[in-house]
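Asks: Take this structure, written in structure tokens, and hold onto it; I'll ask about it next.
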Amino acid sequence: MIELKNICKSFGNKDNRITVLDDLSICIDKGEMIAVMGKSGSGKTTLLNILAGIDFPDSGEYVFDGEIVKLNNAASGIRFRRNRIGVIVQHFALINDLTVSENIEVGLYESDYTSGQKRKAIKDTLKDLGIEDLKDKYPSKLSGGEKQRVAIGRAIVGRPKLLLCDEPTGALDSETEKEILKIFKRLNQMGATIVIVTHDKDVADICNRTIVLEKH
Ligand SMILES: Nc1ncnc2c1ncn2[C@@H]1O[C@H](COP(=O)(O)OP(=O)(O)O)[C@@H](O)[C@H]1O
Ligand SMILES: [Mg+2]
């Protein structure tokens, strides 16, 4: 499904340059659940951002479903993600003055769903995640685990093929982490390909494969 070939990415200017990804090549098959591990600063978030089309490699090739991905600005990244990729971050990044339903709807802003399709997708997602009774609440009234469910809902409401998660359980206690991992496992069994950046061996253990990034 995904092929990264000889990806290089560095930041900074000529005098002060850090190479983060140096000739990285990875293949990801449809249906895999992959953990990405490595020291802080080893480029895990950078890798996820490149997969998401949020950031762009300096060189190398990114192939998604047989097509070369050529992106160079935010707008082309948004088009690329639409109906294809969902992103989940550690600190939820919910919008405080939107309700749970409205936060999930944010995941459909770029979609071409009709308003009826949107309503149904949001309803189904609330049900899938067991948060129907929270739909009219605001984020400030939710626990950490509930917030992360909403963030997962926002990422999956458009039924993406690929789910990218950056330390999605890093801010949760271990009980809540278990619940969230069950949700990821279920989404994976339903067909989503999942890449999870994590420091946590329990998270890596439920994945099929672990990629370890080296710090340069
Ligand atoms: N936009 C950026 N500008 C400059 N340096 C960056 C930028 N993004 C990441 N970096 C640097 O690249 C390195 C890798 O960052 P990151 O991918 O966030 O690592 P990780 O997620 O593994 O901790 C770090 O040294 C970080 O400071
Ligand atoms: Mg990171």
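Ordering of the structure tokens sets the chain letters (A, B, ...), residue numbers begin anew at 1 in every chain, and ligands are numbered from 1 in the order given.
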Val20 (chain A): which residues within 7 Å, counting only C-alpha atoms, same-chain residues fewer than 5 positions away excluded, as a PDB file with C-alpha atoms, in the first residue's frame?

Replies:
```pdb
ATOM      1  CA  LYS A   9      14.719  15.006   5.285  1.00  0.00           C
ATOM      2  CA  SER A  10      16.733  17.615   7.107  1.00  0.00           C
ATOM      3  CA  SER A  42      14.959  10.389  15.894  1.00  0.00           C
ATOM      4  CA  GLY A  43      12.371  11.615  13.386  1.00  0.00           C
ATOM      5  CA  HIS A 216      21.492  10.847  13.363  1.00  0.00           C
TER       6      HIS A 216
END
```

Asks: Can I get the residues close to ligand 1 as a PyMOL selection string, where close means within 10 Å and we count only C-alpha atoms and all ligand atoms?

Replies: chain A and resi 9-13+17-21+36-50+55+166-167+197-199+213-216

Asks: Measuring atom to atom with only C-alpha atoms, identify which of A:Ile54, A:Leu181, A:Val150, A:Val63 is nearest to Leu129 (chain A).

Replies: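 Of the candidates, the smallest distance to Leu129 (chain A) is held by A:Val150.
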
Asks: Chain A: which residues are strand (DSSP E) by DSSP, as a JSON list (two decimals) with N, CA, C and O atoms, in the first residue's frame?

Replies:
```json
[["chain", "number", "residue", "atom", "x", "y", "z"],
["A", 2, "ILE", "N", 1.93, 1.21, 0.84],
["A", 2, "ILE", "CA", 2.80, 2.38, 0.93],
["A", 2, "ILE", "C", 4.25, 1.97, 0.72],
["A", 2, "ILE", "O", 4.71, 0.97, 1.26],
["A", 3, "GLU", "N", 4.93, 2.77, -0.07],
["A", 3, "GLU", "CA", 6.36, 2.55, -0.25],
["A", 3, "GLU", "C", 7.07, 3.88, -0.10],
["A", 3, "GLU", "O", 6.76, 4.83, -0.82],
["A", 4, "LEU", "N", 7.98, 3.93, 0.85],
["A", 4, "LEU", "CA", 8.87, 5.08, 0.95],
["A", 4, "LEU", "C", 10.22, 4.62, 0.45],
["A", 4, "LEU", "O", 10.74, 3.60, 0.90],
["A", 5, "LYS", "N", 10.76, 5.34, -0.54],
["A", 5, "LYS", "CA", 12.04, 4.92, -1.11],
["A", 5, "LYS", "C", 13.07, 6.01, -0.92],
["A", 5, "LYS", "O", 12.89, 7.13, -1.43],
["A", 6, "ASN", "N", 14.13, 5.67, -0.20],
["A", 6, "ASN", "CA", 15.29, 6.56, -0.05],
["A", 6, "ASN", "C", 14.90, 7.98, 0.36],
["A", 6, "ASN", "O", 15.34, 8.96, -0.22],
["A", 7, "ILE", "N", 14.06, 8.05, 1.40],
["A", 7, "ILE", "CA", 13.60, 9.37, 1.85],
["A", 7, "ILE", "C", 14.68, 10.06, 2.67],
["A", 7, "ILE", "O", 15.24, 9.48, 3.61],
["A", 8, "CYS", "N", 14.97, 11.31, 2.31],
["A", 8, "CYS", "CA", 15.88, 12.15, 3.10],
["A", 8, "CYS", "C", 15.11, 13.40, 3.54],
["A", 8, "CYS", "O", 14.33, 13.95, 2.77],
["A", 9, "LYS", "N", 15.34, 13.77, 4.79],
["A", 9, "LYS", "CA", 14.72, 15.01, 5.28],
["A", 9, "LYS", "C", 15.64, 15.65, 6.30],
["A", 9, "LYS", "O", 16.08, 15.01, 7.25],
["A", 10, "SER", "N", 15.96, 16.90, 6.09],
["A", 10, "SER", "CA", 16.73, 17.62, 7.11],
["A", 10, "SER", "C", 16.08, 18.97, 7.37],
["A", 10, "SER", "O", 15.26, 19.44, 6.58],
["A", 11, "PHE", "N", 16.43, 19.55, 8.48],
["A", 11, "PHE", "CA", 15.90, 20.87, 8.85],
["A", 11, "PHE", "C", 17.06, 21.82, 9.08],
["A", 11, "PHE", "O", 18.18, 21.41, 9.33],
["A", 12, "GLY", "N", 16.76, 23.10, 9.03],
["A", 12, "GLY", "CA", 17.75, 24.11, 9.33],
["A", 12, "GLY", "C", 18.38, 24.68, 8.08],
["A", 12, "GLY", "O", 17.99, 24.34, 6.97],
["A", 13, "ASN", "N", 19.35, 25.55, 8.27],
["A", 13, "ASN", "CA", 20.02, 26.17, 7.12],
["A", 13, "ASN", "C", 21.41, 25.57, 6.92],
["A", 13, "ASN", "O", 21.80, 24.63, 7.61],
["A", 16, "ASN", "N", 23.68, 25.24, 9.91],
["A", 16, "ASN", "CA", 23.12, 24.62, 11.11],
["A", 16, "ASN", "C", 22.05, 23.62, 10.69],
["A", 16, "ASN", "O", 20.86, 23.85, 10.83],
["A", 17, "ARG", "N", 22.55, 22.52, 10.14],
["A", 17, "ARG", "CA", 21.63, 21.60, 9.51],
["A", 17, "ARG", "C", 21.55, 20.31, 10.30],
["A", 17, "ARG", "O", 22.57, 19.77, 10.72],
["A", 18, "ILE", "N", 20.31, 19.81, 10.53],
["A", 18, "ILE", "CA", 20.22, 18.47, 11.11],
["A", 18, "ILE", "C", 19.50, 17.55, 10.14],
["A", 18, "ILE", "O", 18.42, 17.87, 9.65],
["A", 19, "THR", "N", 20.16, 16.43, 9.90],
["A", 19, "THR", "CA", 19.55, 15.40, 9.07],
["A", 19, "THR", "C", 18.71, 14.53, 9.98],
["A", 19, "THR", "O", 19.20, 14.01, 10.97],
["A", 20, "VAL", "N", 17.44, 14.42, 9.65],
["A", 20, "VAL", "CA", 16.54, 13.66, 10.51],
["A", 20, "VAL", "C", 16.27, 12.28, 9.90],
["A", 20, "VAL", "O", 16.39, 11.26, 10.58],
["A", 21, "LEU", "N", 15.90, 12.25, 8.64],
["A", 21, "LEU", "CA", 15.72, 10.96, 7.96],
["A", 21, "LEU", "C", 16.79, 10.88, 6.88],
["A", 21, "LEU", "O", 16.91, 11.77, 6.03],
["A", 22, "ASP", "N", 17.57, 9.81, 6.93],
["A", 22, "ASP", "CA", 18.71, 9.69, 6.01],
["A", 22, "ASP", "C", 18.54, 8.41, 5.20],
["A", 22, "ASP", "O", 18.83, 7.33, 5.69],
["A", 23, "ASP", "N", 18.02, 8.54, 3.98],
["A", 23, "ASP", "CA", 17.89, 7.41, 3.08],
["A", 23, "ASP", "C", 17.01, 6.31, 3.67],
["A", 23, "ASP", "O", 17.36, 5.14, 3.66],
["A", 24, "LEU", "N", 15.85, 6.73, 4.16],
["A", 24, "LEU", "CA", 14.93, 5.78, 4.79],
["A", 24, "LEU", "C", 14.02, 5.13, 3.73],
["A", 24, "LEU", "O", 13.40, 5.82, 2.93],
["A", 25, "SER", "N", 13.96, 3.81, 3.75],
["A", 25, "SER", "CA", 13.06, 3.09, 2.85],
["A", 25, "SER", "C", 12.19, 2.15, 3.68],
["A", 25, "SER", "O", 12.70, 1.41, 4.53],
["A", 26, "ILE", "N", 10.88, 2.23, 3.46],
["A", 26, "ILE", "CA", 9.92, 1.41, 4.23],
["A", 26, "ILE", "C", 8.80, 0.98, 3.30],
["A", 26, "ILE", "O", 8.33, 1.77, 2.48],
["A", 27, "CYS", "N", 8.35, -0.27, 3.46],
["A", 27, "CYS", "CA", 7.12, -0.71, 2.79],
["A", 27, "CYS", "C", 6.08, -1.03, 3.85],
["A", 27, "CYS", "O", 6.41, -1.63, 4.87],
["A", 28, "ILE", "N", 4.85, -0.62, 3.61],
["A", 28, "ILE", "CA", 3.76, -0.93, 4.52],
["A", 28, "ILE", "C", 2.66, -1.61, 3.72],
["A", 28, "ILE", "O", 2.17, -1.05, 2.73],
["A", 33, "MET", "N", -0.44, -3.29, 11.13],
["A", 33, "MET", "CA", -0.48, -2.37, 12.27],
["A", 33, "MET", "C", 0.97, -2.26, 12.75],
["A", 33, "MET", "O", 1.53, -3.24, 13.23],
["A", 34, "ILE", "N", 1.55, -1.09, 12.58],
["A", 34, "ILE", "CA", 2.99, -0.94, 12.75],
["A", 34, "ILE", "C", 3.30, 0.05, 13.87],
["A", 34, "ILE", "O", 2.69, 1.12, 13.94],
["A", 35, "ALA", "N", 4.24, -0.33, 14.72],
["A", 35, "ALA", "CA", 4.72, 0.60, 15.74],
["A", 35, "ALA", "C", 5.99, 1.27, 15.23],
["A", 35, "ALA", "O", 6.83, 0.60, 14.62],
["A", 36, "VAL", "N", 6.12, 2.56, 15.44],
["A", 36, "VAL", "CA", 7.36, 3.27, 15.12],
["A", 36, "VAL", "C", 7.97, 3.72, 16.44],
["A", 36, "VAL", "O", 7.33, 4.44, 17.22],
["A", 37, "MET", "N", 9.18, 3.23, 16.72],
["A", 37, "MET", "CA", 9.85, 3.58, 17.97],
["A", 37, "MET", "C", 11.18, 4.24, 17.66],
["A", 37, "MET", "O", 11.62, 4.25, 16.51],
["A", 59, "SER", "N", 14.17, 14.58, -0.59],
["A", 59, "SER", "CA", 14.38, 13.72, -1.76],
["A", 59, "SER", "C", 13.85, 12.34, -1.43],
["A", 59, "SER", "O", 13.53, 12.03, -0.28],
["A", 60, "GLY", "N", 13.74, 11.52, -2.46],
["A", 60, "GLY", "CA", 13.17, 10.18, -2.28],
["A", 60, "GLY", "C", 11.76, 10.15, -2.83],
["A", 60, "GLY", "O", 11.23, 11.17, -3.27],
["A", 61, "GLU", "N", 11.16, 8.97, -2.78],
["A", 61, "GLU", "CA", 9.86, 8.81, -3.41],
["A", 61, "GLU", "C", 8.85, 8.22, -2.41],
["A", 61, "GLU", "O", 9.20, 7.35, -1.63],
["A", 62, "TYR", "N", 7.64, 8.73, -2.49],
["A", 62, "TYR", "CA", 6.53, 8.24, -1.66],
["A", 62, "TYR", "C", 5.46, 7.71, -2.61],
["A", 62, "TYR", "O", 4.94, 8.47, -3.43],
["A", 63, "VAL", "N", 5.19, 6.41, -2.50],
["A", 63, "VAL", "CA", 4.17, 5.80, -3.36],
["A", 63, "VAL", "C", 3.01, 5.32, -2.49],
["A", 63, "VAL", "O", 3.22, 4.63, -1.49],
["A", 64, "PHE", "N", 1.80, 5.74, -2.83],
["A", 64, "PHE", "CA", 0.60, 5.35, -2.08],
["A", 64, "PHE", "C", -0.36, 4.69, -3.05],
["A", 64, "PHE", "O", -0.74, 5.31, -4.05],
["A", 67, "GLU", "N", 0.53, 4.96, -6.70],
["A", 67, "GLU", "CA", 0.75, 6.26, -7.32],
["A", 67, "GLU", "C", 1.81, 7.07, -6.58],
["A", 67, "GLU", "O", 1.80, 7.12, -5.35],
["A", 68, "ILE", "N", 2.67, 7.71, -7.34],
["A", 68, "ILE", "CA", 3.69, 8.55, -6.71],
["A", 68, "ILE", "C", 3.02, 9.79, -6.13],
["A", 68, "ILE", "O", 2.24, 10.47, -6.80],
["A", 85, "ILE", "N", -6.60, 9.40, 4.75],
["A", 85, "ILE", "CA", -5.72, 9.33, 5.91],
["A", 85, "ILE", "C", -6.36, 10.06, 7.10],
["A", 85, "ILE", "O", -6.85, 11.17, 6.96],
["A", 86, "GLY", "N", -6.31, 9.39, 8.26],
["A", 86, "GLY", "CA", -6.74, 10.04, 9.50],
["A", 86, "GLY", "C", -5.53, 10.20, 10.41],
["A", 86, "GLY", "O", -4.66, 9.33, 10.44],
["A", 87, "VAL", "N", -5.47, 11.32, 11.14],
["A", 87, "VAL", "CA", -4.31, 11.60, 11.99],
["A", 87, "VAL", "C", -4.77, 11.80, 13.44],
["A", 87, "VAL", "O", -5.74, 12.51, 13.70],
["A", 88, "ILE", "N", -4.05, 11.16, 14.37],
["A", 88, "ILE", "CA", -4.36, 11.29, 15.79],
["A", 88, "ILE", "C", -3.09, 11.73, 16.52],
["A", 88, "ILE", "O", -2.04, 11.13, 16.34],
["A", 162, "LEU", "N", -5.83, 4.67, 6.01],
["A", 162, "LEU", "CA", -4.60, 4.73, 6.79],
["A", 162, "LEU", "C", -4.81, 5.64, 7.99],
["A", 162, "LEU", "O", -5.28, 6.77, 7.85],
["A", 163, "LEU", "N", -4.44, 5.11, 9.16],
["A", 163, "LEU", "CA", -4.57, 5.88, 10.39],
["A", 163, "LEU", "C", -3.16, 6.11, 10.94],
["A", 163, "LEU", "O", -2.42, 5.15, 11.17],
["A", 164, "LEU", "N", -2.80, 7.37, 11.14],
["A", 164, "LEU", "CA", -1.47, 7.72, 11.64],
["A", 164, "LEU", "C", -1.62, 8.29, 13.05],
["A", 164, "LEU", "O", -2.37, 9.25, 13.25],
["A", 165, "CYS", "N", -0.93, 7.68, 14.02],
["A", 165, "CYS", "CA", -1.15, 8.06, 15.41],
["A", 165, "CYS", "C", 0.19, 8.42, 16.05],
["A", 165, "CYS", "O", 1.11, 7.59, 16.08],
["A", 166, "ASP", "N", 0.31, 9.64, 16.56],
["A", 166, "ASP", "CA", 1.57, 10.08, 17.19],
["A", 166, "ASP", "C", 1.44, 10.02, 18.70],
["A", 166, "ASP", "O", 0.80, 10.87, 19.31],
["A", 193, "THR", "N", -5.28, 0.27, 7.96],
["A", 193, "THR", "CA", -3.84, 0.13, 8.15],
["A", 193, "THR", "C", -3.44, 1.21, 9.15],
["A", 193, "THR", "O", -3.88, 2.35, 9.04],
["A", 194, "ILE", "N", -2.65, 0.82, 10.16],
["A", 194, "ILE", "CA", -2.38, 1.75, 11.26],
["A", 194, "ILE", "C", -0.88, 1.87, 11.52],
["A", 194, "ILE", "O", -0.18, 0.86, 11.57],
["A", 195, "VAL", "N", -0.41, 3.10, 11.65],
["A", 195, "VAL", "CA", 0.98, 3.35, 12.05],
["A", 195, "VAL", "C", 0.93, 4.14, 13.36],
["A", 195, "VAL", "O", 0.31, 5.21, 13.42],
["A", 196, "ILE", "N", 1.55, 3.59, 14.40],
["A", 196, "ILE", "CA", 1.51, 4.22, 15.72],
["A", 196, "ILE", "C", 2.91, 4.55, 16.20],
["A", 196, "ILE", "O", 3.73, 3.64, 16.39],
["A", 197, "VAL", "N", 3.20, 5.81, 16.41],
["A", 197, "VAL", "CA", 4.45, 6.21, 17.06],
["A", 197, "VAL", "C", 4.27, 6.03, 18.56],
["A", 197, "VAL", "O", 3.28, 6.49, 19.13],
["A", 209, "ARG", "N", 4.37, -5.34, 13.77],
["A", 209, "ARG", "CA", 5.76, -5.09, 13.38],
["A", 209, "ARG", "C", 6.20, -3.77, 14.00],
["A", 209, "ARG", "O", 5.38, -2.87, 14.19],
["A", 210, "THR", "N", 7.49, -3.69, 14.31],
["A", 210, "THR", "CA", 8.03, -2.44, 14.87],
["A", 210, "THR", "C", 9.14, -1.92, 13.97],
["A", 210, "THR", "O", 10.02, -2.68, 13.57],
["A", 211, "ILE", "N", 9.08, -0.64, 13.65],
["A", 211, "ILE", "CA", 10.16, 0.02, 12.92],
["A", 211, "ILE", "C", 10.88, 0.90, 13.93],
["A", 211, "ILE", "O", 10.24, 1.69, 14.64],
["A", 212, "VAL", "N", 12.19, 0.75, 14.03],
["A", 212, "VAL", "CA", 12.95, 1.57, 14.97],
["A", 212, "VAL", "C", 13.77, 2.59, 14.19],
["A", 212, "VAL", "O", 14.55, 2.23, 13.31]]
```

Asks: Would you work out the distance separating CA of Lys178 (chain A) from CA of Ser101 (chain A), expressed in Å to one decimal?

Replies: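 Between CA of Lys178 (chain A) and CA of Ser101 (chain A) the gap works out to 23.8 Å.
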
Asks: Give me, as a PyMOL selection string, the residues of region 22-66 of chain A that a backbone DSSP run labels helix (DSSP H, G or I).

Replies: chain A and resi 44-52

Asks: Using only C-alpha atoms, which of A:Ala155, A:Val100, A:Val106, A:Leu51 sits nearest Leu134 (chain A)?

Replies: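 Among A:Ala155, A:Val100, A:Val106, A:Leu51, it is A:Val100 that comes nearest to Leu134 (chain A).
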
Asks: Need the shell around Tyr109 (chain A): protein/DNA/RNA residues with any atom at most 10 Å away, counting only C-alpha atoms. Skip same-chain ones fewer than 4 positions apart. Format as a list in words?

Replies: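 That gives Arg82, Ile104, Glu105, Tyr113, Lys118 and Gly158 of chain A.
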
Asks: Please produce an output containing all heavy atoms for each residue in the selection, written as a PDB file, in the first residue's frame.

Replies:
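Written file, out-v4.pdb:
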```pdb
ATOM      1  N   ARG A  82      -7.615  13.688   2.192  1.00  0.00           N
ATOM      2  CA  ARG A  82      -9.075  13.573   2.154  1.00  0.00           C
ATOM      3  C   ARG A  82      -9.530  12.150   1.821  1.00  0.00           C
ATOM      4  O   ARG A  82      -9.088  11.574   0.839  1.00  0.00           O
ATOM      5  CB  ARG A  82      -9.614  14.565   1.130  1.00  0.00           C
ATOM      6  CG  ARG A  82     -11.094  14.479   0.933  1.00  0.00           C
ATOM      7  CD  ARG A  82     -11.636  15.703   0.258  1.00  0.00           C
ATOM      8  NE  ARG A  82     -10.934  16.053  -0.958  1.00  0.00           N
ATOM      9  CZ  ARG A  82     -10.973  17.268  -1.518  1.00  0.00           C
ATOM     10  NH1 ARG A  82     -11.642  18.237  -0.948  1.00  0.00           N
ATOM     11  NH2 ARG A  82     -10.334  17.498  -2.634  1.00  0.00           N
ATOM     12  N   ILE A 104     -16.056  15.901  15.970  1.00  0.00           N
ATOM     13  CA  ILE A 104     -15.927  14.766  15.046  1.00  0.00           C
ATOM     14  C   ILE A 104     -16.204  15.227  13.613  1.00  0.00           C
ATOM     15  O   ILE A 104     -15.523  14.809  12.672  1.00  0.00           O
ATOM     16  CB  ILE A 104     -16.851  13.614  15.488  1.00  0.00           C
ATOM     17  CG1 ILE A 104     -16.305  13.013  16.794  1.00  0.00           C
ATOM     18  CG2 ILE A 104     -16.976  12.549  14.398  1.00  0.00           C
ATOM     19  CD1 ILE A 104     -17.134  11.926  17.400  1.00  0.00           C
ATOM     20  N   GLU A 105     -17.145  16.144  13.485  1.00  0.00           N
ATOM     21  CA  GLU A 105     -17.473  16.658  12.150  1.00  0.00           C
ATOM     22  C   GLU A 105     -16.277  17.362  11.499  1.00  0.00           C
ATOM     23  O   GLU A 105     -16.167  17.390  10.258  1.00  0.00           O
ATOM     24  CB  GLU A 105     -18.668  17.617  12.242  1.00  0.00           C
ATOM     25  CG  GLU A 105     -19.158  18.061  10.870  1.00  0.00           C
ATOM     26  CD  GLU A 105     -20.415  18.918  10.934  1.00  0.00           C
ATOM     27  OE1 GLU A 105     -20.901  19.209  12.050  1.00  0.00           O
ATOM     28  OE2 GLU A 105     -20.912  19.287   9.858  1.00  0.00           O
ATOM     29  N   TYR A 113     -18.729  14.502   1.321  1.00  0.00           N
ATOM     30  CA  TYR A 113     -19.998  13.945   1.791  1.00  0.00           C
ATOM     31  C   TYR A 113     -21.109  15.007   1.700  1.00  0.00           C
ATOM     32  O   TYR A 113     -20.861  16.184   1.936  1.00  0.00           O
ATOM     33  CB  TYR A 113     -19.885  13.537   3.269  1.00  0.00           C
ATOM     34  CG  TYR A 113     -19.148  12.258   3.562  1.00  0.00           C
ATOM     35  CD1 TYR A 113     -18.230  11.715   2.673  1.00  0.00           C
ATOM     36  CD2 TYR A 113     -19.366  11.595   4.766  1.00  0.00           C
ATOM     37  CE1 TYR A 113     -17.550  10.544   2.980  1.00  0.00           C
ATOM     38  CE2 TYR A 113     -18.687  10.428   5.082  1.00  0.00           C
ATOM     39  CZ  TYR A 113     -17.784   9.913   4.188  1.00  0.00           C
ATOM     40  OH  TYR A 113     -17.114   8.773   4.504  1.00  0.00           O
ATOM     41  N   LYS A 118     -22.897  13.083   6.093  1.00  0.00           N
ATOM     42  CA  LYS A 118     -22.110  13.532   7.257  1.00  0.00           C
ATOM     43  C   LYS A 118     -22.808  13.150   8.555  1.00  0.00           C
ATOM     44  O   LYS A 118     -22.195  12.600   9.464  1.00  0.00           O
ATOM     45  CB  LYS A 118     -21.909  15.056   7.223  1.00  0.00           C
ATOM     46  CG  LYS A 118     -20.828  15.486   6.259  1.00  0.00           C
ATOM     47  CD  LYS A 118     -20.530  16.969   6.404  1.00  0.00           C
ATOM     48  CE  LYS A 118     -19.512  17.364   5.344  1.00  0.00           C
ATOM     49  NZ  LYS A 118     -19.221  18.781   5.307  1.00  0.00           N
ATOM     50  N   GLY A 158     -14.264   9.775   8.422  1.00  0.00           N
ATOM     51  CA  GLY A 158     -14.254   9.694   6.957  1.00  0.00           C
ATOM     52  C   GLY A 158     -13.810   8.329   6.453  1.00  0.00           C
ATOM     53  O   GLY A 158     -13.548   8.173   5.263  1.00  0.00           O
TER      54      GLY A 158
END
```

Asks: Can you list, as a list of chain:residue names, every protein, DNA or RNA residue that comes within 9 Å of Arg81 (chain A) when you count only C-alpha atoms, leaving out same-chain residues fewer than 5 positions away?

Replies: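 Non-adjacent residues within range: A:Ala52, A:Gly53, A:Ser76, A:Gly86, A:Glu110, A:Pro160.
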
Asks: Okay, now the selection with C-alpha atoms, as a tab-separated table (two decimals), in the first residue's frame?

Replies:
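Once everything was written out, this is again26.tsv:
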```
chain	number	residue	atom	x	y	z
A	52	ALA	CA	0.31	12.38	6.15
A	53	GLY	CA	1.37	14.95	3.58
A	76	SER	CA	-2.15	19.60	-1.92
A	86	GLY	CA	-6.74	10.04	9.50
A	110	GLU	CA	-12.56	18.43	3.58
A	160	PRO	CA	-9.66	6.48	6.11
```

Asks: With a distance cut-off of 8 Å and only C-alpha atoms, select the neighbouring residues of Thr169 (chain A), excluding the residue or stretch itself and same-chain residues fewer than 2 positions from it, and output the selection as a PDB file with C-alpha atoms, in the first residue's frame.

Replies:
```
ATOM      1  CA  GLN A  90      -1.028  12.815  21.695  1.00  0.00           C
ATOM      2  CA  GLU A 167       1.967   8.789  20.740  1.00  0.00           C
ATOM      3  CA  ALA A 171      -1.138  11.233  27.969  1.00  0.00           C
ATOM      4  CA  LEU A 172      -3.395   8.456  29.302  1.00  0.00           C
ATOM      5  CA  GLU A 177      -4.580   3.185  27.379  1.00  0.00           C
ATOM      6  CA  ILE A 180      -7.859   2.943  23.435  1.00  0.00           C
TER       7      ILE A 180
END
```

Asks: When distances are computed from only C-alpha atoms and all ligand atoms, which of A:Arg186, A:Pro57, A:Ile78, A:Gly170 shows the smallest separation from ligand 2?

Replies: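 For ligand 2, the nearest of the candidates is A:Gly170.
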